[in-house]
Each structure stands twice: as C-alpha cells, then as structure tokens.
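Chemist: My file is run33.csv. It has CSV, C-alpha atoms (C1' of nucleotides):
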```csv
chain,number,residue,atom,x,y,z
A,1039,MET,CA,0.0,0.0,0.0
A,1040,THR,CA,1.5,3.3,-1.1
A,1041,VAL,CA,-0.7,6.1,0.1
A,1042,SER,CA,-0.2,9.4,-1.7
A,1043,SER,CA,3.3,10.4,-0.9
A,1044,ASN,CA,3.1,9.5,2.7
A,1045,GLY,CA,4.6,6.0,2.6
A,1046,VAL,CA,3.4,2.9,4.3
A,1047,PRO,CA,0.1,3.4,6.2
A,1048,LEU,CA,0.4,3.7,9.9
A,1049,ALA,CA,-2.2,1.0,10.4
A,1050,ARG,CA,0.0,-1.5,8.6
A,1051,LEU,CA,3.0,-0.4,10.6
A,1052,PHE,CA,1.1,-0.8,13.9
A,1053,ALA,CA,-0.1,-4.2,12.8
A,1054,ILE,CA,3.4,-5.4,12.0
A,1055,ALA,CA,4.9,-3.8,15.1
A,1056,TYR,CA,2.2,-5.3,17.4
A,1057,ARG,CA,2.5,-8.7,15.9
A,1058,MET,CA,6.3,-8.6,16.1
A,1059,MET,CA,6.3,-7.5,19.8
A,1060,ILE,CA,3.7,-10.1,20.7
A,1061,ALA,CA,5.7,-12.8,18.9
A,1062,GLY,CA,8.8,-11.6,20.8
A,1063,LEU,CA,6.9,-11.7,24.1
A,1064,HIS,CA,5.7,-15.2,23.6
A,1065,GLU,CA,9.0,-16.5,22.4
A,1066,ARG,CA,10.7,-15.1,25.5
A,1067,LEU,CA,8.0,-16.4,27.8
A,1068,ALA,CA,8.4,-19.8,26.4
A,1069,GLU,CA,12.2,-19.6,26.9
A,1070,ARG,CA,11.4,-18.9,30.6
A,1071,GLY,CA,9.2,-21.9,30.8
A,1072,TRP,CA,5.8,-20.1,30.3
A,1073,THR,CA,4.0,-22.1,27.6
A,1074,GLY,CA,0.4,-22.2,26.5
A,1075,VAL,CA,0.0,-18.5,27.2
A,1076,ARG,CA,-2.5,-16.8,25.0
A,1077,VAL,CA,-2.2,-13.2,23.9
A,1078,SER,CA,-5.2,-12.1,25.9
A,1079,TYR,CA,-3.9,-13.5,29.1
A,1080,GLY,CA,-1.6,-10.6,29.7
A,1081,PHE,CA,-4.4,-8.2,29.2
A,1082,VAL,CA,-6.7,-10.0,31.6
A,1083,LEU,CA,-3.9,-10.3,34.2
A,1084,LEU,CA,-3.3,-6.6,34.1
A,1085,ALA,CA,-6.9,-5.8,34.5
A,1086,ALA,CA,-7.4,-8.1,37.4
A,1087,ARG,CA,-4.1,-7.3,39.2
A,1088,ASP,CA,-5.5,-4.8,41.7
A,1089,GLY,CA,-8.3,-6.4,43.6
A,1090,GLY,CA,-9.8,-8.4,40.8
A,1091,ILE,CA,-12.4,-7.8,38.2
A,1092,ARG,CA,-15.8,-9.1,37.3
A,1093,GLY,CA,-16.5,-11.4,34.4
A,1094,THR,CA,-18.7,-8.9,32.8
A,1095,ASP,CA,-16.0,-6.3,33.0
A,1096,ILE,CA,-13.6,-8.6,31.3
A,1097,ALA,CA,-16.1,-9.1,28.6
A,1098,ALA,CA,-16.7,-5.4,28.2
A,1099,LEU,CA,-13.0,-4.6,28.1
A,1100,LEU,CA,-12.1,-7.3,25.6
A,1101,GLY,CA,-15.1,-6.5,23.5
A,1102,VAL,CA,-16.5,-10.1,23.7
A,1103,SER,CA,-19.7,-11.7,25.1
A,1104,LYS,CA,-19.9,-12.6,28.7
A,1105,GLN,CA,-19.9,-16.2,27.7
A,1106,ALA,CA,-16.7,-15.8,25.8
A,1107,ALA,CA,-15.1,-14.0,28.8
A,1108,SER,CA,-16.3,-16.8,31.1
A,1109,LYS,CA,-14.6,-19.4,28.9
A,1110,LEU,CA,-11.4,-17.4,28.8
A,1111,VAL,CA,-11.4,-17.2,32.6
A,1112,ASP,CA,-12.1,-20.9,32.8
A,1113,GLY,CA,-9.0,-21.5,30.7
A,1114,MET,CA,-6.8,-19.2,32.8
A,1115,ARG,CA,-8.2,-20.7,36.1
A,1116,ASP,CA,-7.4,-24.2,34.8
A,1117,ALA,CA,-3.9,-23.0,34.0
A,1118,GLY,CA,-3.5,-21.7,37.5
A,1119,TYR,CA,-3.3,-17.9,36.8
A,1120,LEU,CA,-6.7,-16.8,38.1
A,1121,ALA,CA,-9.2,-17.8,40.8
A,1122,ARG,CA,-12.8,-16.9,41.2
A,1123,GLU,CA,-14.1,-15.5,44.5
A,1124,PRO,CA,-17.5,-14.3,45.6
A,1125,ASP,CA,-18.0,-10.6,45.0
A,1126,PRO,CA,-18.7,-9.0,48.5
A,1127,ASP,CA,-21.0,-6.4,46.9
A,1128,ASP,CA,-23.3,-8.5,44.9
A,1129,GLU,CA,-24.3,-12.1,45.5
A,1130,ARG,CA,-24.8,-12.8,41.8
A,1131,ALA,CA,-21.3,-11.8,40.9
A,1132,LYS,CA,-17.8,-13.2,41.2
A,1133,ARG,CA,-14.5,-11.5,41.1
A,1134,VAL,CA,-11.6,-12.9,39.2
A,1135,VAL,CA,-8.4,-12.5,41.1
A,1136,LEU,CA,-4.8,-13.3,40.3
A,1137,THR,CA,-3.1,-16.3,41.9
A,1138,ASP,CA,0.6,-16.2,42.8
A,1139,ARG,CA,1.3,-17.9,39.6
A,1140,GLY,CA,-0.8,-15.2,37.8
A,1141,HIS,CA,1.3,-12.5,39.4
A,1142,ALA,CA,4.5,-14.2,38.4
A,1143,LEU,CA,3.4,-14.5,34.8
A,1144,LEU,CA,2.4,-10.8,34.8
A,1145,THR,CA,5.8,-9.9,36.2
A,1146,ALA,CA,7.5,-11.9,33.5
A,1147,VAL,CA,5.4,-10.2,30.8
A,1148,GLU,CA,6.4,-6.8,32.1
A,1149,GLN,CA,10.0,-7.6,32.2
A,1150,ILE,CA,10.0,-8.9,28.7
A,1151,TYR,CA,8.2,-5.8,27.5
A,1152,ALA,CA,10.9,-3.7,29.0
A,1153,GLU,CA,13.6,-5.7,27.3
A,1154,LEU,CA,11.8,-5.5,23.9
A,1155,GLU,CA,11.6,-1.7,24.3
A,1156,SER,CA,15.2,-1.5,25.1
A,1157,ASP,CA,15.9,-3.3,21.8
A,1158,TRP,CA,13.9,-0.7,20.0
A,1159,ALA,CA,15.6,2.2,21.8
A,1160,ALA,CA,18.9,0.8,20.7
A,1161,LEU,CA,17.8,1.1,17.1
A,1162,LEU,CA,16.4,4.6,17.3
A,1163,ASP,CA,17.6,8.1,18.2
A,1164,GLU,CA,17.9,9.1,21.8
A,1165,GLY,CA,14.4,9.6,23.2
A,1166,ALA,CA,12.6,8.4,20.1
A,1167,VAL,CA,10.9,5.6,22.0
A,1168,GLU,CA,9.6,7.9,24.6
A,1169,ALA,CA,8.5,10.4,22.0
A,1170,MET,CA,6.6,7.7,20.2
A,1171,ARG,CA,5.0,6.5,23.4
A,1172,ALA,CA,3.9,10.0,24.2
A,1173,ASP,CA,2.5,10.7,20.8
A,1174,LEU,CA,0.6,7.4,20.7
A,1175,THR,CA,-0.7,8.0,24.2
A,1176,ASN,CA,-1.8,11.5,23.2
A,1177,VAL,CA,-3.8,10.4,20.2
A,1178,LEU,CA,-5.3,7.3,21.9
A,1179,GLU,CA,-6.3,9.2,25.0
A,1180,HIS,CA,-7.9,11.9,22.8
A,1181,ALA,CA,-9.9,9.2,21.1
A,1182,HIS,CA,-11.1,7.7,24.3
A,1183,ASP,CA,-12.2,10.7,26.4
A,1184,GLY,CA,-8.9,11.2,28.0
A,1185,ARG,CA,-8.3,7.7,29.1
A,1186,LEU,CA,-6.7,4.7,27.4
A,1187,PRO,CA,-9.0,1.8,27.1
A,1188,THR,CA,-7.8,-0.7,29.7
A,1189,ILE,CA,-7.5,-3.7,27.5
A,1190,THR,CA,-7.8,-4.3,23.8
A,1191,PRO,CA,-5.9,-7.0,22.0
A,1192,PRO,CA,-6.8,-7.0,18.3
B,886,MET,CA,0.5,-2.5,32.9
B,887,THR,CA,3.0,-0.1,34.3
B,888,VAL,CA,6.4,-1.1,33.2
B,889,SER,CA,9.2,0.3,35.3
B,890,SER,CA,9.1,4.1,34.9
B,891,ASN,CA,8.6,3.9,31.2
B,892,GLY,CA,4.8,4.1,31.0
B,893,VAL,CA,2.4,2.1,29.0
B,894,PRO,CA,4.1,-0.7,27.0
B,895,LEU,CA,4.4,0.0,23.3
B,896,ALA,CA,2.8,-3.3,22.5
B,897,ARG,CA,-0.4,-2.2,24.2
B,898,LEU,CA,-0.3,1.1,22.5
B,899,PHE,CA,0.2,-0.5,19.1
B,900,ALA,CA,-2.6,-2.9,19.7
B,901,ILE,CA,-5.0,-0.1,20.7
B,902,ALA,CA,-3.8,2.1,17.8
B,903,TYR,CA,-4.1,-0.6,15.3
B,904,ARG,CA,-7.5,-1.6,16.5
B,905,MET,CA,-8.7,1.9,16.5
B,906,MET,CA,-7.5,2.6,12.9
B,907,ILE,CA,-9.0,-0.6,11.6
B,908,ALA,CA,-12.3,0.2,13.3
B,909,GLY,CA,-12.2,3.7,11.8
B,910,LEU,CA,-11.4,2.2,8.4
B,911,HIS,CA,-14.3,-0.2,8.5
B,912,GLU,CA,-16.7,2.4,9.8
B,913,ARG,CA,-15.9,4.8,7.0
B,914,LEU,CA,-16.0,1.9,4.4
B,915,ALA,CA,-19.5,1.1,5.6
B,916,GLU,CA,-20.5,4.8,5.3
B,917,ARG,CA,-19.4,4.6,1.7
B,918,GLY,CA,-21.4,1.5,1.1
B,919,TRP,CA,-18.7,-1.1,1.5
B,920,THR,CA,-20.0,-3.7,3.9
B,921,GLY,CA,-19.0,-7.2,4.8
B,922,VAL,CA,-15.4,-6.2,4.3
B,923,ARG,CA,-13.0,-8.3,6.5
B,924,VAL,CA,-9.7,-6.9,7.8
B,925,SER,CA,-7.6,-9.2,5.7
B,926,TYR,CA,-9.2,-8.1,2.5
B,927,GLY,CA,-7.2,-4.9,2.3
B,928,PHE,CA,-4.0,-6.8,2.7
B,929,VAL,CA,-4.9,-9.3,0.0
B,930,LEU,CA,-6.0,-6.6,-2.4
B,931,LEU,CA,-2.7,-4.8,-1.9
B,932,ALA,CA,-0.7,-7.9,-2.5
B,933,ALA,CA,-2.6,-8.8,-5.6
B,934,ARG,CA,-2.8,-5.4,-7.1
B,935,ASP,CA,0.1,-5.6,-9.5
B,936,GLY,CA,-0.4,-8.6,-11.8
B,937,GLY,CA,-2.0,-10.9,-9.2
B,938,ILE,CA,-0.6,-13.3,-6.7
B,939,ARG,CA,-0.7,-17.1,-6.1
B,940,GLY,CA,-2.8,-18.7,-3.5
B,941,THR,CA,0.3,-20.2,-1.8
B,942,ASP,CA,1.9,-16.7,-1.7
B,943,ILE,CA,-1.2,-15.3,0.0
B,944,ALA,CA,-1.0,-18.1,2.5
B,945,ALA,CA,2.7,-17.4,3.2
B,946,LEU,CA,2.2,-13.7,3.5
B,947,LEU,CA,-0.8,-14.0,5.8
B,948,GLY,CA,0.9,-16.8,7.8
B,949,VAL,CA,-1.9,-19.3,7.3
B,950,SER,CA,-2.3,-22.6,5.6
B,951,LYS,CA,-2.9,-22.8,1.9
B,952,GLN,CA,-6.4,-24.1,2.6
B,953,ALA,CA,-7.2,-21.1,4.7
B,954,ALA,CA,-5.9,-18.8,2.0
B,955,SER,CA,-8.0,-20.6,-0.5
B,956,LYS,CA,-11.1,-20.1,1.6
B,957,LEU,CA,-10.4,-16.5,2.0
B,958,VAL,CA,-9.9,-16.1,-1.7
B,959,ASP,CA,-13.2,-17.9,-2.2
B,960,GLY,CA,-15.0,-15.4,0.0
B,961,MET,CA,-13.4,-12.4,-1.8
B,962,ARG,CA,-14.2,-13.9,-5.2
B,963,ASP,CA,-17.8,-14.4,-4.1
B,964,ALA,CA,-17.9,-10.8,-3.0
B,965,GLY,CA,-16.7,-9.7,-6.3
B,966,TYR,CA,-13.3,-8.4,-5.3
B,967,LEU,CA,-11.0,-11.1,-6.9
B,968,ALA,CA,-11.0,-13.5,-9.8
B,969,ARG,CA,-8.9,-16.5,-10.4
B,970,GLU,CA,-7.0,-17.0,-13.6
B,971,PRO,CA,-4.6,-19.7,-14.8
B,972,ASP,CA,-1.0,-19.0,-14.1
B,973,PRO,CA,0.9,-18.8,-17.4
B,974,ASP,CA,4.1,-20.2,-15.9
B,975,ASP,CA,2.7,-23.3,-14.1
B,976,GLU,CA,-0.3,-25.4,-15.0
B,977,ARG,CA,-0.8,-26.4,-11.4
B,978,ALA,CA,-1.2,-22.9,-10.2
B,979,LYS,CA,-3.7,-20.0,-10.4
B,980,ARG,CA,-3.2,-16.3,-10.1
B,981,VAL,CA,-5.6,-14.3,-8.0
B,982,VAL,CA,-6.2,-10.9,-9.6
B,983,LEU,CA,-8.3,-7.9,-8.7
B,984,THR,CA,-11.6,-7.2,-10.3
B,985,ASP,CA,-12.6,-3.6,-11.0
B,986,ARG,CA,-14.6,-3.8,-7.8
B,987,GLY,CA,-11.5,-5.0,-6.0
B,988,HIS,CA,-9.5,-2.0,-7.3
B,989,ALA,CA,-12.3,0.3,-6.3
B,990,LEU,CA,-12.3,-1.1,-2.7
B,991,LEU,CA,-8.6,-0.8,-2.5
B,992,THR,CA,-8.8,2.8,-3.6
B,993,ALA,CA,-11.4,3.5,-1.0
B,994,VAL,CA,-9.2,1.9,1.7
B,995,GLU,CA,-6.2,4.0,0.7
B,996,GLN,CA,-8.2,7.2,0.8
B,997,ILE,CA,-9.6,6.4,4.2
B,998,TYR,CA,-6.1,5.6,5.5
B,999,ALA,CA,-5.0,9.0,4.4
B,1000,GLU,CA,-7.9,10.7,6.1
B,1001,LEU,CA,-7.2,8.8,9.4
B,1002,GLU,CA,-3.6,9.9,9.3
B,1003,SER,CA,-4.6,13.5,8.7
B,1004,ASP,CA,-6.7,13.2,11.8
B,1005,TRP,CA,-3.7,12.0,13.7
B,1006,ALA,CA,-1.5,14.7,12.3
B,1007,ALA,CA,-4.0,17.3,13.5
B,1008,LEU,CA,-3.5,16.1,17.0
B,1009,LEU,CA,0.3,15.9,17.1
B,1010,ASP,CA,3.2,18.3,16.5
B,1011,GLU,CA,4.2,19.2,13.0
B,1012,GLY,CA,6.0,16.3,11.5
B,1013,ALA,CA,5.3,13.9,14.3
B,1014,VAL,CA,3.3,11.5,12.2
B,1015,GLU,CA,6.2,11.3,9.6
B,1016,ALA,CA,8.7,10.8,12.4
B,1017,MET,CA,6.6,8.0,13.9
B,1018,ARG,CA,6.3,6.4,10.5
B,1019,ALA,CA,10.0,6.7,9.9
B,1020,ASP,CA,10.9,5.2,13.3
B,1021,LEU,CA,8.5,2.3,12.9
B,1022,THR,CA,9.7,1.6,9.4
B,1023,ASN,CA,13.3,1.7,10.6
B,1024,VAL,CA,12.8,-0.8,13.4
B,1025,LEU,CA,10.5,-3.1,11.4
B,1026,GLU,CA,12.8,-3.2,8.4
B,1027,HIS,CA,15.7,-3.9,10.7
B,1028,ALA,CA,13.8,-6.9,12.1
B,1029,HIS,CA,13.0,-8.2,8.7
B,1030,ASP,CA,16.3,-8.1,6.8
B,1031,GLY,CA,15.8,-4.6,5.5
B,1032,ARG,CA,12.3,-5.2,4.0
B,1033,LEU,CA,8.9,-4.8,5.6
B,1034,PRO,CA,6.9,-8.0,5.5
B,1035,THR,CA,4.3,-7.5,2.8
B,1036,ILE,CA,1.2,-8.3,4.7
B,1037,THR,CA,0.6,-9.2,8.3
B,1038,PRO,CA,-2.7,-8.5,10.0
B,1039,PRO,CA,-2.6,-9.7,13.7
C,231,DC,C1',-43.9,-5.0,46.1
C,232,DA,C1',-43.7,-5.9,41.2
C,233,DC,C1',-40.9,-5.9,37.5
C,234,DA,C1',-37.1,-4.8,34.5
C,235,DG,C1',-32.6,-5.6,34.2
C,236,DA,C1',-28.0,-7.6,35.5
C,237,DA,C1',-24.4,-11.7,36.5
C,238,DG,C1',-23.1,-15.9,35.5
C,239,DT,C1',-23.7,-20.6,33.6
C,240,DC,C1',-25.3,-24.2,30.3
C,241,DA,C1',-26.1,-25.5,25.6
C,242,DA,C1',-26.1,-25.3,20.7
C,243,DC,C1',-24.2,-23.3,16.9
C,244,DC,C1',-20.9,-20.8,13.7
C,245,DT,C1',-16.7,-19.2,11.5
C,246,DG,C1',-12.3,-19.2,10.2
C,247,DG,C1',-8.8,-21.5,11.1
C,248,DT,C1',-6.3,-26.5,11.3
C,249,DT,C1',-4.6,-31.2,9.5
C,250,DG,C1',-4.9,-35.0,6.4
C,251,DA,C1',-5.5,-36.8,1.9
C,252,DC,C1',-5.3,-36.6,-2.9
C,253,DC,C1',-4.1,-35.7,-7.8
C,254,DA,C1',-1.8,-33.3,-11.4
C,255,DA,C1',2.2,-30.8,-12.6
C,256,DC,C1',6.9,-29.5,-11.8
C,257,DT,C1',11.8,-30.0,-10.5
C,258,DT,C1',16.0,-32.3,-9.7
C,259,DG,C1',19.6,-35.4,-9.7
C,260,DA,C1',21.4,-39.8,-11.1
D,117,DT,C1',15.9,-39.5,-19.8
D,118,DC,C1',13.3,-40.8,-16.0
D,119,DA,C1',12.1,-41.8,-11.3
D,120,DA,C1',11.4,-39.7,-7.1
D,121,DG,C1',10.5,-36.0,-4.4
D,122,DT,C1',8.2,-31.6,-4.2
D,123,DT,C1',4.7,-28.3,-5.1
D,124,DG,C1',-0.3,-26.0,-6.1
D,125,DG,C1',-4.7,-26.4,-5.3
D,126,DT,C1',-9.0,-28.7,-3.8
D,127,DC,C1',-11.9,-31.7,-0.8
D,128,DA,C1',-13.1,-33.2,3.7
D,129,DA,C1',-13.2,-33.6,8.5
D,130,DC,C1',-12.2,-31.4,12.7
D,131,DC,C1',-11.3,-27.7,16.2
D,132,DA,C1',-10.9,-23.4,19.1
D,133,DG,C1',-12.8,-19.4,20.3
D,134,DG,C1',-16.1,-17.0,19.4
D,135,DT,C1',-21.7,-16.3,18.9
D,136,DT,C1',-26.8,-16.4,20.4
D,137,DG,C1',-30.5,-18.2,23.2
D,138,DA,C1',-32.2,-19.7,27.5
D,139,DC,C1',-32.4,-19.8,32.3
D,140,DT,C1',-32.0,-18.9,37.4
D,141,DT,C1',-30.9,-15.9,41.0
D,142,DC,C1',-30.1,-11.4,42.5
D,143,DT,C1',-30.5,-6.3,42.5
D,144,DG,C1',-32.4,-1.7,41.9
D,145,DT,C1',-36.1,1.3,41.1
D,146,DG,C1',-40.6,3.3,40.8
```
Would you put the structure from the file into structure tokens?
Modeler:
Amino acid sequence: MTVSSNGVPLARLFAIAYRMMIAGLHERLAERGWTGVRVSYGFVLLAARDGGIRGTDIAALLGVSKQAASKLVDGMRDAGYLAREPDPDDERAKRVVLTDRGHALLTAVEQIYAELESDWAALLDEGAVEAMRADLTNVLEHAHDGRLPTITPP
Amino acid sequence: MTVSSNGVPLARLFAIAYRMMIAGLHERLAERGWTGVRVSYGFVLLAARDGGIRGTDIAALLGVSKQAASKLVDGMRDAGYLAREPDPDDERAKRVVLTDRGHALLTAVEQIYAELESDWAALLDEGAVEAMRADLTNVLEHAHDGRLPTITPP
DNA sequence: CACAGAAGTCAACCTGGTTGACCAACTTGA
DNA sequence: TCAAGTTGGTCAACCAGGTTGACTTCTGTG
C-alpha cells in the first residue's frame, strides 16, 4: 500500500509492530518456561491485578460476550493464573483475582516488554521511543475521552 | 501494565492504535457502502494489485495454511473483489487478480487511511506522524532483513 | 412489592482456522 | 531420460474461540 506520498500506512506499521512484539513476548515467555500462554492472558492479568475484576467487566474490556469471557477465565483458572471469588458487593457476581502464579506471569510479561523496548531504543535516536509513546498515548487518549481503554488486543 | 518508569508498554499502544485505525477504516468503508469487508481483504488486495498473486503466496504472507488462504480467496471472489486465472508459468497454479470492484475497494481503503492519518497529524506536533512512520519503518525493516513483510494482520 | 434488568452458567451453533488426503504438474539429480 | 521428491490447489473432517439463546438468581427502582 502506497498512500499518496506519505509512505506505508500507519495501520500496517502498527499491525506489524504489534505482531512482532507479541511474537517476541511469547517467544521469550516460552524460553522462561511459560508455555500455552494466549495473547489475551496478559491483558486480563493486568486488568485483574488490583483487587480483581468481574467477568462482565472482562467481557466489556475485551469486547466479547460474557460467555466468551467466562470461557477465557475458565482456561486461565485451569492454567492456574486466576481464581474466582464471591463478590462481596453482589451475590450474583464473582470477582476474578490473580493467583501467585498469575502474578508471576504478569511480572515476566512486564520484564520482557521492558527488554523489547530496550531493543527498540537501541535502534532509534535518543528519546525516540519515549516520543513515540507520548504521541501514541496522546492520540489514543484523545480518542477515548482522555483515558486509554484498559485492555484491547486485536 | 505499568512497566518500570517507562509508562504504558508500546505493544499495548500499538494494539490499541491498530484496532482503532481498523475500526475507523471499516466504519468509513461502511459509510461509503462497502459492507462485509474483512480486515484481511485490504492486505490481500494490496498484494494482488500488480499482476496478481498465487494462493500459496497469500498463505505465506498471511501466515496461514494454503487451505485457509483458498477459503479467504473464495470469499473475496464471491464478494466480487477477486478473480482466479490460470498462471501462465505453471499449470498447477492459479493467479488471483483484482476485479474492477476490487480495485475500487482498495482505492477507498487507501483514501480512508490518508484521512485517518490526517486526523492524527492534526493532534500531534508538526511532522510527528512522519517521524513515527520513519521510526516504525526503521525498526521493522531492521527486524525483517531490510524489508517490511508485505502483509501481516494480527 | 412488582418488575425490569443484570451476573453468571449451560447449551447449541458458527466461522475461520487447522490437519490429512489426494491428484496433477513441476523440479531435480542420477 | 526418468524416477522420485516436491509443489499448487482442492476436498473433507475437525477444532478453538467466538456467537446467540435460554435460564436462574439477585439487584435496583418506581
């Protein structure tokens, strides 16, 4: 795709970049013994990290049905990353919380992200990664009423 | 995800950005009467634009099996965007080429991408979009032996 | 208090992938 | 030259991760 004189469309570049980073993440996770980890796990772990999250909130944030979210939580619970607890505020509901194993996985993910970004920084000019982050954050927050959506894997 | 002191991980930002741009693309396509368009269509149309492409090459580029690629081509043919022709160089093979309707869709996609990027440019400093494009291109080319992969939706 | 709506689960279904199998055509090395 | 291995595409069966529908229990509101 060559668009006017502006080069490769940003959407393509984001797609490739995202896919490349995710591939790098999962490769390095596997090297550290974390296997069978799906892309959405990281996003769910992040959202549930502080005090847990409800199934319906996971569904909303991932943009899927509550049934799909429930299945995903089932899988993560079976893998030992999450546990379900009663929600103290509502007898219908459950909160999904991180297990120790879930915390450990999330820590590994964060470390690897830092490594990957260091790799990028080594290839670009001083401060370019931070500038990119700021610009992306700026546009995305503008598009979402001032706040990044919490969790959105493509 | 808060990574060290470096803010939101780039991978998340790319995911959100990509998803947002694709959503914008498909929303604007629908406004122009293009409905039922899947994300991968644009990538296939681009790859097939100049002289067509083989089914196995689509499979390779999309990172899917040849059967999956064949199904995708079936769908796009049925929707009127592609046609299959014999490959003059190999009796086993077929080339997938764009129909007029396929060319028109690709043109619409490119126009919308340009619009979306103008929206971004309006929110950022002078030249920031081009700097981001250059930086992304730089890193991604470095990671792929000097050439961007042709086609990779997540 | 009645009722509409919400949270989660069960069940059936669907879509876009997968693998396996197959046949015709092509390529390669002896 | 030719046999064997490989390749391109299609058919078929299967699967994972979604979907929708239905249901029960609980909550909030008028």
Chemist: Got a sec to check which residues sit within 12 Å of (-4.8, -23.0, -12.9), counting all atoms listed in the file, and write them as JSON, numbers by chain?
Modeler: {"B": [939, 940, 968, 969, 970, 971, 972, 973, 974, 975, 976, 977, 978, 979, 980, 981], "C": [254, 255], "D": [124, 125, 126]}
Chemist: Please produce, as a Markdown table, a per-residue contact table for chain A versus chain D (criterion: any atom at most 12 Å away, all atoms listed in the file considered), showing the nearest atom pair and its distance in Å to one decimal, sorted by chain then residue number.
Modeler:
```
| residue | atom | partner | partner_atom | distance |
| --- | --- | --- | --- | --- |
| A:Arg1076 | CA | D:DG133 | C1' | 11.6 |
| A:Ser1078 | CA | D:DG133 | C1' | 11.9 |
| A:Gly1101 | CA | D:DG134 | C1' | 11.3 |
| A:Val1102 | CA | D:DG134 | C1' | 8.1 |
| A:Ser1103 | CA | D:DT135 | C1' | 8.0 |
| A:Lys1104 | CA | D:DT135 | C1' | 10.6 |
| A:Gln1105 | CA | D:DT135 | C1' | 9.0 |
| A:Ala1106 | CA | D:DG134 | C1' | 6.5 |
| A:Ala1107 | CA | D:DG134 | C1' | 9.9 |
| A:Ser1108 | CA | D:DG133 | C1' | 11.6 |
| A:Lys1109 | CA | D:DG133 | C1' | 8.8 |
| A:Leu1110 | CA | D:DG133 | C1' | 8.8 |
| A:Gly1113 | CA | D:DG133 | C1' | 11.3 |
| A:Asp1127 | CA | D:DT143 | C1' | 10.5 |
| A:Asp1128 | CA | D:DC142 | C1' | 7.8 |
| A:Glu1129 | CA | D:DC142 | C1' | 6.6 |
| A:Arg1130 | CA | D:DC142 | C1' | 5.5 |
| A:Ala1131 | CA | D:DC142 | C1' | 9.0 |
```
Chemist: Per residue of chain C within 10 Å of chain B, what are the shortest atom pair and its distance in Å to one decimal, counting only C-alpha atoms (C1' of nucleotides), with rows by chain and residue number, as a Markdown table?
Modeler:
```
| residue | atom | partner | partner_atom | distance |
| --- | --- | --- | --- | --- |
| C:DG246 | C1' | B:Ala953 | CA | 7.7 |
| C:DG247 | C1' | B:Ala953 | CA | 6.6 |
| C:DT248 | C1' | B:Ser950 | CA | 8.0 |
| C:DT249 | C1' | B:Ser950 | CA | 9.7 |
| C:DA254 | C1' | B:Arg977 | CA | 7.0 |
| C:DA255 | C1' | B:Arg977 | CA | 5.5 |
| C:DC256 | C1' | B:Asp975 | CA | 7.8 |
```
Chemist: What are the nearest atom pairs, with distances in Å to one decimal, for all residues of chain A that come at most 8 Å from chain B, using all atoms listed in the file, set out by chain and rising residue number as JSON lines?
Modeler:
```
{"residue": "A:Met1039", "atom": "CA", "partner": "B:Leu931", "partner_atom": "CA", "distance": 5.8}
{"residue": "A:Thr1040", "atom": "CA", "partner": "B:Glu995", "partner_atom": "CA", "distance": 7.9}
{"residue": "A:Val1041", "atom": "CA", "partner": "B:Glu995", "partner_atom": "CA", "distance": 5.9}
{"residue": "A:Ser1042", "atom": "CA", "partner": "B:Ala999", "partner_atom": "CA", "distance": 7.8}
{"residue": "A:Asn1044", "atom": "CA", "partner": "B:Glu1015", "partner_atom": "CA", "distance": 7.8}
{"residue": "A:Val1046", "atom": "CA", "partner": "B:Arg1018", "partner_atom": "CA", "distance": 7.7}
{"residue": "A:Pro1047", "atom": "CA", "partner": "B:Tyr998", "partner_atom": "CA", "distance": 6.6}
{"residue": "A:Leu1048", "atom": "CA", "partner": "B:Arg1018", "partner_atom": "CA", "distance": 6.5}
{"residue": "A:Ala1049", "atom": "CA", "partner": "B:Tyr903", "partner_atom": "CA", "distance": 5.5}
{"residue": "A:Arg1050", "atom": "CA", "partner": "B:Pro1038", "partner_atom": "CA", "distance": 7.6}
{"residue": "A:Leu1051", "atom": "CA", "partner": "B:Leu1021", "partner_atom": "CA", "distance": 6.5}
{"residue": "A:Phe1052", "atom": "CA", "partner": "B:Phe899", "partner_atom": "CA", "distance": 5.3}
{"residue": "A:Ala1053", "atom": "CA", "partner": "B:Pro1038", "partner_atom": "CA", "distance": 5.8}
{"residue": "A:Ile1054", "atom": "CA", "partner": "B:Thr1037", "partner_atom": "CA", "distance": 6.0}
{"residue": "A:Ala1055", "atom": "CA", "partner": "B:Leu1025", "partner_atom": "CA", "distance": 6.7}
{"residue": "A:Tyr1056", "atom": "CA", "partner": "B:Phe899", "partner_atom": "CA", "distance": 5.5}
{"residue": "A:Arg1057", "atom": "CA", "partner": "B:Pro1039", "partner_atom": "CA", "distance": 5.6}
{"residue": "A:Met1059", "atom": "CA", "partner": "B:Ala896", "partner_atom": "CA", "distance": 6.1}
{"residue": "A:Ile1060", "atom": "CA", "partner": "B:Ala896", "partner_atom": "CA", "distance": 7.1}
{"residue": "A:Leu1084", "atom": "CA", "partner": "B:Met886", "partner_atom": "CA", "distance": 5.7}
{"residue": "A:Glu1148", "atom": "CA", "partner": "B:Val888", "partner_atom": "CA", "distance": 5.8}
{"residue": "A:Gln1149", "atom": "CA", "partner": "B:Val888", "partner_atom": "CA", "distance": 7.5}
{"residue": "A:Tyr1151", "atom": "CA", "partner": "B:Pro894", "partner_atom": "CA", "distance": 6.6}
{"residue": "A:Ala1152", "atom": "CA", "partner": "B:Val888", "partner_atom": "CA", "distance": 6.7}
{"residue": "A:Glu1155", "atom": "CA", "partner": "B:Leu895", "partner_atom": "CA", "distance": 7.5}
{"residue": "A:Trp1158", "atom": "CA", "partner": "B:Val1024", "partner_atom": "CA", "distance": 6.7}
{"residue": "A:Leu1161", "atom": "CA", "partner": "B:Val1024", "partner_atom": "CA", "distance": 6.5}
{"residue": "A:Leu1162", "atom": "CA", "partner": "B:Asp1020", "partner_atom": "CA", "distance": 6.8}
{"residue": "A:Ala1166", "atom": "CA", "partner": "B:Asp1020", "partner_atom": "CA", "distance": 7.7}
{"residue": "A:Glu1168", "atom": "CA", "partner": "B:Asn891", "partner_atom": "CA", "distance": 7.8}
{"residue": "A:Met1170", "atom": "CA", "partner": "B:Met1017", "partner_atom": "CA", "distance": 6.3}
{"residue": "A:Arg1171", "atom": "CA", "partner": "B:Leu895", "partner_atom": "CA", "distance": 6.5}
{"residue": "A:Asp1173", "atom": "CA", "partner": "B:Leu1009", "partner_atom": "CA", "distance": 6.8}
{"residue": "A:Leu1174", "atom": "CA", "partner": "B:Leu898", "partner_atom": "CA", "distance": 6.6}
{"residue": "A:Thr1175", "atom": "CA", "partner": "B:Leu898", "partner_atom": "CA", "distance": 7.1}
{"residue": "A:Asn1176", "atom": "CA", "partner": "B:Leu1009", "partner_atom": "CA", "distance": 7.8}
{"residue": "A:Val1177", "atom": "CA", "partner": "B:Leu1008", "partner_atom": "CA", "distance": 6.5}
{"residue": "A:Leu1178", "atom": "CA", "partner": "B:Ala902", "partner_atom": "CA", "distance": 6.8}
{"residue": "A:Pro1187", "atom": "CA", "partner": "B:Ile901", "partner_atom": "CA", "distance": 7.8}
{"residue": "A:Ile1189", "atom": "CA", "partner": "B:Arg897", "partner_atom": "CA", "distance": 8.0}
{"residue": "A:Thr1190", "atom": "CA", "partner": "B:Ile901", "partner_atom": "CA", "distance": 5.9}
{"residue": "A:Pro1191", "atom": "CA", "partner": "B:Ala900", "partner_atom": "CA", "distance": 5.7}
{"residue": "A:Pro1192", "atom": "CA", "partner": "B:Arg904", "partner_atom": "CA", "distance": 5.7}
```
